[in-house]
$ cat start.tsv   # TSV, C-alpha atoms
chain	number	residue	atom	x	y	z
F	1	MET	CA	-100.76	161.98	96.86
F	2	GLN	CA	-101.37	158.53	98.26
F	3	SER	CA	-102.64	155.28	96.77
F	4	GLU	CA	-105.17	152.96	98.34
F	5	HIS	CA	-103.82	150.65	101.05
F	6	ILE	CA	-103.51	146.98	100.15
F	7	LYS	CA	-103.76	144.38	102.90
F	8	LEU	CA	-102.02	141.18	101.88
F	9	ASP	CA	-103.27	137.80	103.02
F	10	ASP	CA	-101.40	135.65	100.52
F	11	VAL	CA	-98.33	137.47	99.26
F	12	GLN	CA	-97.74	135.23	96.25
F	13	GLU	CA	-101.29	135.76	94.98
F	14	SER	CA	-101.18	139.50	95.68
F	15	PHE	CA	-98.50	140.54	93.19
F	16	GLU	CA	-101.08	141.20	90.47
F	17	ILE	CA	-103.08	143.47	92.81
F	18	ILE	CA	-99.89	145.28	93.87
F	19	LYS	CA	-98.99	145.78	90.21
F	20	GLN	CA	-102.44	147.21	89.42
F	21	VAL	CA	-102.40	149.65	92.36
F	22	ALA	CA	-98.81	150.66	91.53
F	23	GLU	CA	-99.81	151.37	87.92
F	24	GLN	CA	-102.81	153.43	89.07
F	25	TYR	CA	-100.55	155.41	91.42
F	26	GLU	CA	-97.95	155.94	88.67
F	27	GLU	CA	-100.61	157.24	86.30
F	28	LYS	CA	-102.01	159.71	88.85
F	29	ALA	CA	-98.53	160.81	89.93
F	30	ASN	CA	-97.43	161.13	86.28
F	31	ILE	CA	-94.58	158.64	86.65
F	32	THR	CA	-93.95	157.32	83.14
F	33	GLY	CA	-91.57	155.31	80.95
F	34	LYS	CA	-88.56	153.66	82.59
F	35	ASP	CA	-89.31	155.44	85.86
F	36	ALA	CA	-92.66	153.64	86.10
F	37	LEU	CA	-91.07	150.30	85.22
F	38	ARG	CA	-88.39	150.72	87.88
F	39	PHE	CA	-90.88	151.83	90.51
F	40	SER	CA	-93.13	148.79	89.88
F	41	LEU	CA	-90.12	146.46	90.02
F	42	LEU	CA	-88.98	148.15	93.23
F	43	ALA	CA	-92.42	147.52	94.77
F	44	GLU	CA	-92.31	143.82	93.86
F	45	GLU	CA	-88.78	143.37	95.19
F	46	SER	CA	-89.71	145.18	98.42
F	47	ILE	CA	-92.64	142.83	99.03
F	48	ARG	CA	-90.50	139.79	98.25
F	49	LEU	CA	-87.98	140.93	100.82
F	50	VAL	CA	-90.60	141.49	103.53
F	51	SER	CA	-92.43	138.23	102.80
F	52	SER	CA	-89.15	136.31	103.10
F	53	ILE	CA	-88.80	137.58	106.66
F	54	MET	CA	-92.37	137.59	107.98
F	55	THR	CA	-94.41	134.54	108.95
F	56	GLU	CA	-97.54	133.54	107.00
F	57	LYS	CA	-99.82	134.93	109.75
F	58	ASP	CA	-98.24	138.37	109.91
F	59	PRO	CA	-100.51	141.07	108.44
F	60	ILE	CA	-98.78	143.11	105.73
F	61	GLU	CA	-100.08	146.44	104.45
F	62	ILE	CA	-98.58	148.27	101.47
F	63	TRP	CA	-99.29	151.64	99.83
F	64	PHE	CA	-97.55	154.24	97.69
F	65	GLU	CA	-97.27	157.97	98.25
F	66	GLY	CA	-95.42	160.98	96.94
F	67	ASN	CA	-95.29	162.53	93.49
F	68	SER	CA	-93.48	162.40	90.15
F	69	ARG	CA	-90.31	163.77	91.75
F	70	ILE	CA	-89.97	161.56	94.81
F	71	SER	CA	-92.11	158.59	95.78
F	72	HIS	CA	-92.23	156.09	98.61
F	73	ILE	CA	-93.22	152.44	98.87
F	74	CYS	CA	-94.60	152.05	102.40
F	75	ILE	CA	-94.90	148.65	104.04
F	76	LYS	CA	-96.35	148.22	107.50
F	77	THR	CA	-96.65	145.00	109.45
F	78	GLU	CA	-96.92	143.56	112.92
F	79	THR	CA	-94.96	140.49	113.84
F	80	ASP	CA	-94.32	138.47	116.94
F	81	ILE	CA	-90.96	136.79	116.48
F	82	ASP	CA	-90.12	134.39	119.30
F	83	GLU	CA	-86.57	133.52	120.33
F	84	ASN	CA	-86.54	130.35	118.22
F	85	LYS	CA	-87.50	132.34	115.14
F	86	ARG	CA	-84.90	134.97	115.97
F	87	GLU	CA	-82.23	132.28	116.19
F	88	GLU	CA	-83.41	130.86	112.86
F	89	PHE	CA	-83.04	134.26	111.20
F	90	VAL	CA	-79.62	134.75	112.75
F	91	SER	CA	-78.51	131.35	111.45
F	92	ILE	CA	-79.68	132.38	107.98
F	93	SER	CA	-77.91	135.71	108.25
F	94	SER	CA	-74.56	134.40	109.30
F	95	SER	CA	-73.03	131.01	109.94
F	96	GLY	CA	-71.18	131.18	113.25
F	97	LYS	CA	-68.69	134.05	113.27
F	98	ASN	CA	-67.92	133.76	109.58
F	99	GLY	CA	-69.30	136.82	107.80
F	100	ALA	CA	-68.77	135.39	104.32
F	101	ASP	CA	-72.42	134.40	103.93
F	102	LYS	CA	-73.81	137.71	105.17
F	103	THR	CA	-75.59	139.66	102.44
F	104	PHE	CA	-77.50	142.92	102.21
F	105	ILE	CA	-80.75	140.98	102.78
F	106	ASP	CA	-79.24	139.20	105.77
F	107	ASP	CA	-78.22	142.46	107.40
F	108	PHE	CA	-81.75	143.72	106.86
F	109	ARG	CA	-83.18	140.56	108.46
F	110	GLU	CA	-80.83	140.73	111.40
F	111	PHE	CA	-81.86	144.30	112.14
F	112	ILE	CA	-85.53	143.30	112.25
F	113	THR	CA	-84.97	140.23	114.40
F	114	ARG	CA	-82.35	141.75	116.72
F	115	PRO	CA	-82.47	145.52	116.42
F	116	LYS	CA	-79.60	147.27	118.19
F	117	LYS	CA	-81.03	150.68	117.32
F	118	PRO	CA	-84.53	151.93	116.37
F	119	ARG	CA	-83.73	152.55	112.68
F	120	TRP	CA	-81.82	151.02	109.75
F	121	SER	CA	-80.90	152.76	106.50
F	122	LEU	CA	-79.59	151.31	103.24
F	123	ALA	CA	-77.46	154.40	102.62
F	124	GLU	CA	-75.74	154.08	106.00
F	125	TYR	CA	-75.26	150.32	105.52
F	126	GLU	CA	-73.63	150.97	102.14
F	127	ALA	CA	-71.30	153.61	103.58
F	128	GLU	CA	-70.27	151.35	106.45
F	129	LEU	CA	-69.69	148.42	104.09
F	130	MET	CA	-67.46	150.61	101.91
F	131	ARG	CA	-65.44	151.57	104.96
F	132	ARG	CA	-64.89	147.94	105.99
F	133	ARG	CA	-64.36	146.27	102.61
F	134	ALA	CA	-60.74	147.41	102.26
F	135	GLU	CA	-59.81	145.67	105.52
F	136	ASP	CA	-62.15	142.68	105.68
F	137	LYS	CA	-62.40	140.04	102.94
F	138	PHE	CA	-65.87	139.05	104.16
F	139	SER	CA	-67.05	142.64	103.77
F	140	GLN	CA	-65.85	142.50	100.17
F	141	GLU	CA	-68.11	139.50	99.57
F	142	ALA	CA	-70.98	141.32	101.28
F	143	TRP	CA	-70.31	144.28	98.98
F	144	GLU	CA	-70.52	142.03	95.91
F	145	ASN	CA	-73.86	140.70	97.18
F	146	LEU	CA	-75.07	144.27	97.59
F	147	GLU	CA	-74.10	145.07	94.01
F	148	ARG	CA	-76.17	142.12	92.77
F	149	SER	CA	-79.29	143.15	94.68
F	150	VAL	CA	-82.02	144.58	92.44
F	151	LEU	CA	-83.60	146.28	95.44
F	152	ALA	CA	-80.35	147.96	96.53
F	153	ASN	CA	-79.63	149.06	92.95
F	154	LEU	CA	-83.00	150.72	92.36
F	155	ALA	CA	-83.79	152.22	95.77
F	156	ASP	CA	-82.33	155.58	96.74
F	157	ASP	CA	-82.80	154.61	100.36
F	158	ILE	CA	-84.60	152.05	102.49
F	159	ALA	CA	-85.52	153.18	105.98
F	160	VAL	CA	-86.70	150.63	108.52
F	161	GLY	CA	-88.14	151.36	111.93
F	162	VAL	CA	-88.90	148.73	114.57
F	163	LYS	CA	-90.75	149.40	117.78
F	164	ASN	CA	-91.90	146.44	119.86
F	165	ASP	CA	-93.61	144.19	117.29
F	166	ASN	CA	-94.46	147.00	114.85
F	167	LEU	CA	-92.42	147.33	111.68
F	168	LEU	CA	-92.50	150.20	109.16
F	169	ILE	CA	-90.42	150.04	105.97
F	170	ILE	CA	-90.20	152.99	103.61
F	171	VAL	CA	-88.45	152.51	100.26
F	172	THR	CA	-87.66	155.82	98.58
F	173	LYS	CA	-87.21	156.49	94.86
F	174	ASP	CA	-86.00	159.91	93.68
F	175	PHE	CA	-86.84	160.63	90.02
F	176	SER	CA	-84.63	163.74	89.69
F	177	LYS	CA	-83.14	163.91	86.19
F	178	SER	CA	-79.66	164.39	87.57
F	179	LEU	CA	-79.98	161.08	89.47
F	180	LYS	CA	-81.11	158.99	86.48
F	181	THR	CA	-77.80	157.14	86.25
F	182	VAL	CA	-76.86	157.25	89.92
F	183	GLY	CA	-80.24	155.85	90.96
F	184	SER	CA	-80.43	152.94	88.52
F	185	THR	CA	-76.95	151.44	88.02
F	186	ARG	CA	-73.96	150.51	90.10
F	187	PRO	CA	-70.82	152.64	89.71
F	188	LEU	CA	-67.91	151.51	87.54
F	189	ALA	CA	-65.44	152.52	90.27
F	190	PHE	CA	-65.24	153.97	93.79
F	191	SER	CA	-62.66	156.17	95.43
F	192	SER	CA	-61.50	155.53	98.97
F	193	GLN	CA	-63.45	157.27	101.71
F	194	ILE	CA	-62.63	160.56	103.39
F	195	PHE	CA	-63.60	161.00	107.03
F	196	LEU	CA	-64.92	164.45	107.92
F	197	ALA	CA	-65.32	166.05	111.32
F	198	SER	CA	-65.44	169.64	112.52
F	199	ASN	CA	-61.94	169.73	113.97
F	200	GLU	CA	-58.67	170.97	112.55
F	201	ASP	CA	-56.83	167.64	112.63
F	202	ALA	CA	-59.55	165.68	110.81
F	203	LEU	CA	-59.99	168.37	108.16
F	204	GLU	CA	-56.25	168.60	107.52
F	205	LYS	CA	-56.14	164.83	106.90
F	206	ALA	CA	-59.23	165.09	104.66
F	207	PHE	CA	-57.64	167.71	102.40
F	208	LEU	CA	-54.58	165.47	101.96
F	209	LYS	CA	-56.76	162.64	100.58
F	210	VAL	CA	-58.43	164.67	97.84
F	211	ASP	CA	-55.78	164.02	95.15
F	212	LYS	CA	-55.88	160.30	95.88
F	213	CYS	CA	-59.61	160.14	95.03
F	214	SER	CA	-59.05	161.50	91.50
F	215	GLU	CA	-56.06	159.20	90.97
F	216	GLU	CA	-58.00	156.11	92.05
F	217	LEU	CA	-60.77	156.87	89.54
F	218	LYS	CA	-58.24	157.64	86.77
F	219	LEU	CA	-59.93	160.95	85.97
F	220	LYS	CA	-58.39	163.05	83.23
F	221	ASN	CA	-57.01	166.60	83.49
F	222	LYS	CA	-59.98	169.00	83.80
F	223	ASP	CA	-62.29	166.34	85.24
F	224	ALA	CA	-59.76	165.53	87.96
F	225	LEU	CA	-59.38	169.24	88.76
F	226	ARG	CA	-63.12	169.88	88.95
F	227	VAL	CA	-63.86	166.86	91.12
F	228	LYS	CA	-61.00	167.97	93.37
F	229	LEU	CA	-62.58	171.43	93.65
F	230	LEU	CA	-65.95	169.95	94.64
F	231	LEU	CA	-64.31	167.78	97.29
F	232	GLU	CA	-62.31	170.68	98.69
F	233	GLU	CA	-65.34	172.97	98.82
F	234	THR	CA	-67.31	170.32	100.69
F	235	ILE	CA	-64.49	169.74	103.17
F	236	GLY	CA	-64.17	173.49	103.63
F	237	MET	CA	-67.84	173.69	104.55
F	238	PHE	CA	-67.11	171.51	107.58
F	239	GLU	CA	-64.70	174.07	108.96
F	240	GLU	CA	-67.70	176.11	110.10
F	241	MET	CA	-70.00	173.26	111.08
F	242	THR	CA	-70.78	172.58	114.71
F	243	ASP	CA	-68.49	170.10	116.49
F	244	ALA	CA	-71.31	167.56	116.57
F	245	PHE	CA	-70.99	166.63	112.87
F	246	THR	CA	-69.13	163.66	111.43
F	247	ALA	CA	-69.38	162.28	107.90
F	248	LEU	CA	-67.93	159.92	105.31
F	249	MET	CA	-67.36	161.20	101.77
F	250	TRP	CA	-66.31	159.40	98.58
F	251	VAL	CA	-66.59	159.64	94.79
F	252	GLU	CA	-68.40	157.21	92.49
F	253	LYS	CA	-67.54	157.03	88.79
F	254	TYR	CA	-70.16	156.11	86.19
F	255	LYS	CA	-69.91	155.95	82.39
F	256	ASN	CA	-70.47	159.66	81.78
F	257	GLN	CA	-70.50	161.25	85.21
F	258	CYS	CA	-69.22	161.24	88.76
F	259	ALA	CA	-71.20	161.44	91.98
F	260	ILE	CA	-69.63	162.83	95.12
F	261	LYS	CA	-71.45	161.20	98.03
F	262	LEU	CA	-71.51	162.30	101.64
F	263	ILE	CA	-73.34	160.59	104.49
F	264	GLY	CA	-73.13	162.21	107.89
F	265	ASN	CA	-74.63	162.26	111.34
F	266	ALA	CA	-75.12	165.01	113.87
F	267	LYS	CA	-75.52	164.79	117.60
F	268	ILE	CA	-77.00	168.10	118.64
F	269	ASP	CA	-78.70	168.66	121.99
F	270	ALA	CA	-81.84	170.73	122.44
F	271	ASP	CA	-79.99	173.90	123.50
F	272	THR	CA	-77.77	173.82	120.42
F	273	LYS	CA	-80.78	173.18	118.20
F	274	MET	CA	-82.61	176.19	119.62
F	275	GLU	CA	-79.51	178.34	119.11
F	276	LEU	CA	-79.25	177.23	115.47
F	277	LEU	CA	-82.93	177.88	114.90
F	278	SER	CA	-82.88	181.33	116.44
F	279	VAL	CA	-80.00	182.37	114.19
F	280	SER	CA	-80.95	180.57	111.00
F	281	SER	CA	-84.59	181.59	110.82
F	282	THR	CA	-84.04	185.35	111.01
F	283	GLY	CA	-84.43	187.60	108.00
F	284	THR	CA	-80.90	188.93	108.41
F	285	ASN	CA	-79.07	185.63	108.51
F	286	THR	CA	-75.40	186.59	108.59
F	287	MET	CA	-74.21	182.97	108.81
F	288	ALA	CA	-75.18	181.88	105.32
F	289	LYS	CA	-72.44	183.54	103.29
F	290	GLY	CA	-72.05	182.10	99.81
F	291	PHE	CA	-73.60	179.02	98.24
F	292	MET	CA	-71.85	176.47	100.47
F	293	GLY	CA	-72.81	178.58	103.48
F	294	LYS	CA	-76.42	178.00	102.48
F	295	ILE	CA	-75.87	174.25	102.16
F	296	LYS	CA	-74.41	174.30	105.67
F	297	ASP	CA	-77.39	176.31	106.92
F	298	ILE	CA	-79.90	173.96	105.31
F	299	ILE	CA	-78.20	170.94	106.88
F	300	GLU	CA	-77.93	172.36	110.39
F	301	THR	CA	-81.44	173.77	110.41
F	302	GLY	CA	-82.93	170.76	108.62
F	303	ILE	CA	-81.95	168.64	111.59
F	304	LEU	CA	-84.43	170.67	113.60
F	305	ASN	CA	-87.50	170.14	111.43
F	306	TYR	CA	-88.96	170.78	107.98
F	307	GLU	CA	-90.80	173.93	109.06
F	308	ALA	CA	-87.56	175.48	110.33
F	309	VAL	CA	-85.89	174.93	106.97
F	310	MET	CA	-88.73	176.70	105.20
F	311	LYS	CA	-87.99	179.81	107.31
F	312	LEU	CA	-84.39	180.17	106.11
F	313	ASN	CA	-83.93	183.62	104.58
F	314	GLN	CA	-81.06	185.71	103.30
F	315	GLN	CA	-81.13	189.46	102.72
F	316	TYR	CA	-80.37	190.56	99.14
F	317	ASN	CA	-80.70	194.26	98.38
F	318	GLY	CA	-82.75	194.58	101.56
F	319	ILE	CA	-85.18	191.85	100.42
F	320	PRO	CA	-85.36	188.44	102.17
F	321	VAL	CA	-85.11	185.44	99.84
F	322	ASN	CA	-86.26	182.02	101.11
F	323	TYR	CA	-83.30	180.09	99.68
F	324	ALA	CA	-84.20	176.72	101.23
F	325	GLY	CA	-87.88	176.88	100.32
F	326	LEU	CA	-87.03	177.57	96.67
F	327	GLY	CA	-85.12	174.30	96.39
F	328	VAL	CA	-87.18	171.94	98.55
F	329	TYR	CA	-88.97	169.29	96.50
F	330	SER	CA	-89.95	166.38	98.75
F	331	ASP	CA	-93.22	165.90	100.55
F	332	LEU	CA	-93.37	166.78	104.23
F	333	GLY	CA	-93.13	163.17	105.30
F	334	ILE	CA	-95.06	159.95	105.34
F	335	ALA	CA	-98.67	160.99	105.75
F	336	THR	CA	-99.78	158.07	107.87
F	337	ASN	CA	-96.85	158.21	110.22
F	338	PRO	CA	-95.00	161.53	109.88
F	339	ALA	CA	-93.20	161.05	113.19
F	340	ALA	CA	-91.53	157.87	111.94
F	341	PHE	CA	-89.75	159.18	108.86
F	342	SER	CA	-89.88	162.87	108.14
F	343	GLY	CA	-87.29	164.95	106.38
F	344	MET	CA	-86.61	167.22	103.47
F	345	MET	CA	-84.79	167.21	100.15
F	346	TRP	CA	-83.21	170.27	98.54
F	347	SER	CA	-81.86	170.54	95.00
F	348	MET	CA	-79.51	173.15	93.55
F	349	GLN	CA	-81.13	172.74	90.14
F	350	ASP	CA	-84.58	173.51	91.57
F	351	TYR	CA	-83.15	176.48	93.46
F	352	LYS	CA	-81.43	177.75	90.32
F	353	HIS	CA	-84.58	177.28	88.23
F	354	SER	CA	-86.68	179.24	90.73
F	355	LEU	CA	-84.19	182.11	90.81
F	356	GLU	CA	-83.94	182.18	87.02
F	357	GLU	CA	-87.71	182.51	86.73
F	358	GLY	CA	-87.99	185.19	89.42
F	359	LYS	CA	-84.88	187.34	88.95
F	360	ALA	CA	-86.45	189.59	86.29
F	361	SER	CA	-89.21	190.80	88.61
F	362	ASP	CA	-87.68	190.31	92.06
F	363	GLU	CA	-84.60	192.30	93.07
F	364	GLY	CA	-83.92	189.94	95.96
F	365	MET	CA	-83.87	186.90	93.66
F	366	LEU	CA	-81.59	188.79	91.27
F	367	GLY	CA	-79.10	189.25	94.11
F	368	ALA	CA	-79.32	185.56	94.99
F	369	TRP	CA	-78.78	184.69	91.30
F	370	ASP	CA	-75.67	186.86	91.16
F	371	GLU	CA	-74.30	185.09	94.22
F	372	LEU	CA	-75.07	181.68	92.70
F	373	GLU	CA	-73.20	182.55	89.50
F	374	LYS	CA	-70.08	183.37	91.53
F	375	SER	CA	-70.10	180.02	93.33
F	376	ILE	CA	-67.41	177.49	92.36
F	377	VAL	CA	-69.66	174.57	93.28
F	378	ALA	CA	-72.68	175.91	91.38
F	379	SER	CA	-70.56	176.49	88.26
F	380	VAL	CA	-68.87	173.06	88.35
F	381	ALA	CA	-71.58	170.69	89.67
F	382	ASP	CA	-74.57	169.81	87.52
F	383	ASP	CA	-76.69	169.34	90.62
F	384	VAL	CA	-76.36	169.20	94.38
F	385	ILE	CA	-78.97	167.16	96.26
F	386	VAL	CA	-79.16	167.64	100.03
F	387	GLY	CA	-81.25	165.28	102.13
F	388	VAL	CA	-81.85	165.72	105.86
F	389	ASP	CA	-83.79	163.21	107.93
F	390	ARG	CA	-83.61	163.83	111.66
F	391	ASN	CA	-79.90	163.63	112.50
F	392	LYS	CA	-78.90	161.97	109.22
F	393	VAL	CA	-77.50	164.04	106.37
F	394	GLN	CA	-76.90	162.98	102.76
F	395	ILE	CA	-75.34	165.07	100.01
F	396	THR	CA	-74.97	163.99	96.38
F	397	MET	CA	-73.07	166.20	93.94
F	398	ILE	CA	-73.46	165.26	90.28
F	399	TYR	CA	-70.70	166.16	87.84
F	400	LYS	CA	-70.87	165.26	84.12
F	401	LEU	CA	-67.50	164.12	82.84
F	402	LYS	CA	-66.10	166.25	80.04
F	403	GLU	CA	-63.09	164.19	78.90
F	404	GLU	CA	-64.26	160.58	78.85
$ encode --input "start.tsv" --output "structure tokens"
Amino acid sequence: MQSEHIKLDDVQESFEIIKQVAEQYEEKANITGKDALRFSLLAEESIRLVSSIMTEKDPIEIWFEGNSRISHICIKTETDIDENKREEFVSISSSGKNGADKTFIDDFREFITRPKKPRWSLAEYEAELMRRRAEDKFSQEAWENLERSVLANLADDIAVGVKNDNLLIIVTKDFSKSLKTVGSTRPLAFSSQIFLASNEDALEKAFLKVDKCSEELKLKNKDALRVKLLLEETIGMFEEMTDAFTALMWVEKYKNQCAIKLIGNAKIDADTKMELLSVSSTGTNTMAKGFMGKIKDIIETGILNYEAVMKLNQQYNGIPVNYAGLGVYSDLGIATNPAAFSGMMWSMQDYKHSLEEGKASDEGMLGAWDELEKSIVASVADDVIVGVDRNKVQITMIYKLKEE
């Protein structure tokens, strides 16, 4: 569903209108309690960010769309930033070559004023900042600024697209129960990052870093073993990925749970995409062996398009089961501009719930359920969230700590 569009003339005087429309959207979408409070706050912070960058004459349009599971704050504007204004923004973002003053907001501003690529993502910025902070003291200060940002804490991702003078910002909030903690607070601790690529040398080095992650987070006995298993299973999945995939993976520790995060990119040409599609969309898909084989299949095919993912089938007892379609929970994309940001989200918990409901009457689903029960990842992780948006891949594995 989608709310009415609000055109803002005076941003400061429009907060009350934004609040009213947000509350109407939340009521229709059945977003309640703390989720509604966080979503409204996220909308206000998003507008404050945009208004701090735009000029007074720039038209700003905001609306909300999605559902009670995943919702978006959409902000569209046109701006004509001359070179003087660009230089002003750059001077705000960073003083000379000293990166100490550069914050999350500054990086966002700099992308808009001097985009080096067509898109910017909060998740990718966070991953890159984590990679640099161990080596660069200024990156550590930027990281601390990120941790203090209300917007960065509450948003699951912020995607920004700039083309000529047109700007589209989409702030995403995922209300999945398994992400309640991960999506609302900063972690207590982080492990170091593991670089993943589909080659033997990189994977060998990745496996050697697994123990270090558990040690850095001071996990106890069984928790350390289970997190290690999840990391190893994820690394193992890359052994069969196409050579075009690279990713960064790390572990975040919260009060009562851990989140294994992976952010990756794929560079696949049209011929490779067609080859993946022709194999993955058949009813007798022999590639997707086991639960992690399905995750791999969803990722590779999701890079093609949403419709291709919905065709993913696996034969169980001679009956095709649409394993990706059973777990997909996001909307197709942004209704007003689907070409700008379109993707899909898949959840193991949703997949498991669908199989549990259907296994009594569907022999194919019963076979898929039996396979799921044998999976190490499915038995250890409380949820696995897979997000694919064009060539960007995000995986979040949630594990509830047992010995804290």
$ closest_residue --input "start.tsv" --among "F:Leu167, F:Leu326, F:Val182, F:Val21" --to "Ile398 of chain F" --atoms "all atoms listed in the file"
F:Val182
$ atom_distance --input "start.tsv" --atom1 "atom CA of Leu304 of chain F" --atom2 "atom CA of Lys180 of chain F"
29.7 Å
$ closest_residue --input "start.tsv" --among "F:Ser40, F:Asn305, F:Thr172, F:Ser51" --to "Gly66 of chain F" --atoms "only C-alpha atoms"
F:Thr172
$ closest_residue --input "start.tsv" --among "F:Ile18, F:Met365, F:Cys258, F:Leu122" --to "Leu154 of chain F" --atoms "all atoms listed in the file"
F:Leu122
$ residues_near_point --input "start.tsv" --point "(-62.1, 161.2, 99.8)" --cutoff "6 Å" --atoms "all atoms listed in the file" --output "PyMOL selection string"
chain F and resi 192-194+209-210+213+249-250
